[in-house]
Amino acid sequence: MSVSYDKLWKLLIDRKMNRTDLKNAAGISFNVLAKMGKGEAVSMESMLKVCKALNCDIADVMELKN
């Protein structure tokens, strides 16, 4: 099973944000952002920071793929 962050990238476009804006707003590291860009799993703590910064649910920013 793999992780897809396509929903997150679309949400950033809709909100006219770039990845650096997200990194700063959520307080996540560049390494976390790089892992997400590669479709790798990141910690739940990091995902909660992203959701809090974007005021959304975790299902709005990621999904599991078979």
# chains A, B, ... in the order shown; residues from 1 in each chain; ligands from 1
>>> select_by_dssp(residues="chain A", states="helix (DSSP H, G or I)", output="ChimeraX atom specification")
/A:6-14,19-26,30-37,44-54,58-60
>>> residues_around(residues="Val32 of chain A", least_positions_apart="4", cutoff="8 Å", atoms="only C-alpha atoms", output="ChimeraX atom specification")
/A:28,36,42,46
>>> closest_residue(among="A:Leu33, A:Ala53, A:Leu48, A:Ile58", to="Thr20 of chain A", atoms="only C-alpha atoms")
A:Leu33
>>> atom_distance(atom1="atom CA of Glu45 of chain A", atom2="atom CA of Lys65 of chain A")
20.7 Å
>>> closest_residue(among="A:Leu64, A:Ile13, A:Ala26, A:Ala34", to="Met47 of chain A", atoms="only C-alpha atoms")
A:Ala26
>>> atom_distance(atom1="atom CA of Val61 of chain A", atom2="atom CA of Lys7 of chain A")
4.8 Å
>>> select_by_dssp(residues="chain A", states="strand (DSSP E)", output="list of chain:residue names")
A:Ser2, A:Val3, A:Ser4, A:Glu63, A:Leu64, A:Lys65
>>> write_last_selection(atoms="all heavy atoms", output="short mmCIF file (atom, residue, chain, number, x, y, z; two decimals), in the first residue's frame")
data_model
loop_
_atom_site.label_atom_id
_atom_site.label_comp_id
_atom_site.auth_asym_id
_atom_site.auth_seq_id
_atom_site.Cartn_x
_atom_site.Cartn_y
_atom_site.Cartn_z
N SER A 2 0.52 2.23 -0.80
CA SER A 2 1.31 3.46 -0.86
C SER A 2 0.44 4.66 -0.50
O SER A 2 -0.78 4.57 -0.44
CB SER A 2 1.90 3.63 -2.26
OG SER A 2 0.86 3.76 -3.21
N VAL A 3 1.10 5.78 -0.30
CA VAL A 3 0.43 7.02 0.10
C VAL A 3 0.44 7.98 -1.07
O VAL A 3 1.43 8.11 -1.78
CB VAL A 3 1.17 7.66 1.30
CG1 VAL A 3 0.49 8.93 1.73
CG2 VAL A 3 1.27 6.69 2.45
N SER A 4 -0.68 8.65 -1.27
CA SER A 4 -0.77 9.68 -2.31
C SER A 4 -1.15 11.01 -1.66
O SER A 4 -2.09 11.09 -0.87
CB SER A 4 -1.83 9.31 -3.35
OG SER A 4 -2.04 10.38 -4.24
N GLU A 63 -4.40 10.07 0.68
CA GLU A 63 -5.18 8.85 0.55
C GLU A 63 -4.24 7.68 0.37
O GLU A 63 -3.09 7.86 -0.04
CB GLU A 63 -6.18 8.94 -0.60
CG GLU A 63 -5.57 9.11 -1.97
CD GLU A 63 -6.62 9.31 -3.05
OE1 GLU A 63 -7.78 8.94 -2.85
OE2 GLU A 63 -6.25 9.85 -4.10
N LEU A 64 -4.71 6.50 0.70
CA LEU A 64 -3.93 5.29 0.54
C LEU A 64 -4.28 4.64 -0.79
O LEU A 64 -5.44 4.56 -1.16
CB LEU A 64 -4.21 4.31 1.69
CG LEU A 64 -3.87 4.82 3.08
CD1 LEU A 64 -4.31 3.78 4.12
CD2 LEU A 64 -2.39 5.11 3.21
N LYS A 65 -3.27 4.19 -1.49
CA LYS A 65 -3.46 3.52 -2.79
C LYS A 65 -3.00 2.07 -2.66
O LYS A 65 -2.00 1.79 -2.01
CB LYS A 65 -2.62 4.21 -3.87
CG LYS A 65 -2.93 5.67 -4.08
CD LYS A 65 -4.00 5.81 -5.09
CE LYS A 65 -4.20 7.30 -5.40
NZ LYS A 65 -4.99 7.52 -6.54
#
>>> closest_residue(among="A:Ala25, A:Lys10, A:Arg19, A:Tyr5", to="Lys52 of chain A", atoms="only C-alpha atoms")
A:Ala25
>>> closest_residue(among="A:Met1, A:Val50, A:Lys35, A:Cys56", to="Leu22 of chain A", atoms="only C-alpha atoms")
A:Val50
>>> atom_distance(atom1="atom CA of Lys38 of chain A", atom2="atom CA of Arg15 of chain A")
21.5 Å
>>> closest_residue(among="A:Asp21, A:Ser43, A:Asn31, A:Leu8", to="Asp57 of chain A", atoms="only C-alpha atoms")
A:Leu8
>>> closest_residue(among="A:Gly39, A:Asp60, A:Asn66, A:Leu54", to="Met17 of chain A", atoms="only C-alpha atoms")
A:Leu54
>>> decode(residues="segment 13-36 of chain A", atoms="C-alpha atoms", output="compact mmCIF listing (two decimals), in the first residue's frame")
# COMPACT_ATOMS: atom_id res chain seq x y z
CA ILE A 13 -3.25 25.21 -5.88
CA ASP A 14 -6.86 26.06 -4.98
CA ARG A 15 -5.61 28.17 -2.06
CA LYS A 16 -2.88 29.80 -4.16
CA MET A 17 -0.17 28.43 -1.88
CA ASN A 18 3.14 26.85 -2.77
CA ARG A 19 5.02 24.17 -0.88
CA THR A 20 7.21 26.69 0.93
CA ASP A 21 4.07 28.50 2.16
CA LEU A 22 2.81 25.17 3.51
CA LYS A 23 6.13 24.38 5.17
CA ASN A 24 6.13 27.74 6.97
CA ALA A 25 2.43 27.70 7.91
CA ALA A 26 2.49 24.13 9.23
CA GLY A 27 5.91 24.29 10.87
CA ILE A 28 7.13 21.16 9.09
CA SER A 29 10.67 20.57 7.88
CA PHE A 30 11.91 20.59 4.32
CA ASN A 31 12.64 16.86 4.72
CA VAL A 32 8.99 16.12 5.53
CA LEU A 33 7.93 18.13 2.50
CA ALA A 34 10.44 16.28 0.32
CA LYS A 35 9.13 12.90 1.51
CA MET A 36 5.60 13.99 0.71
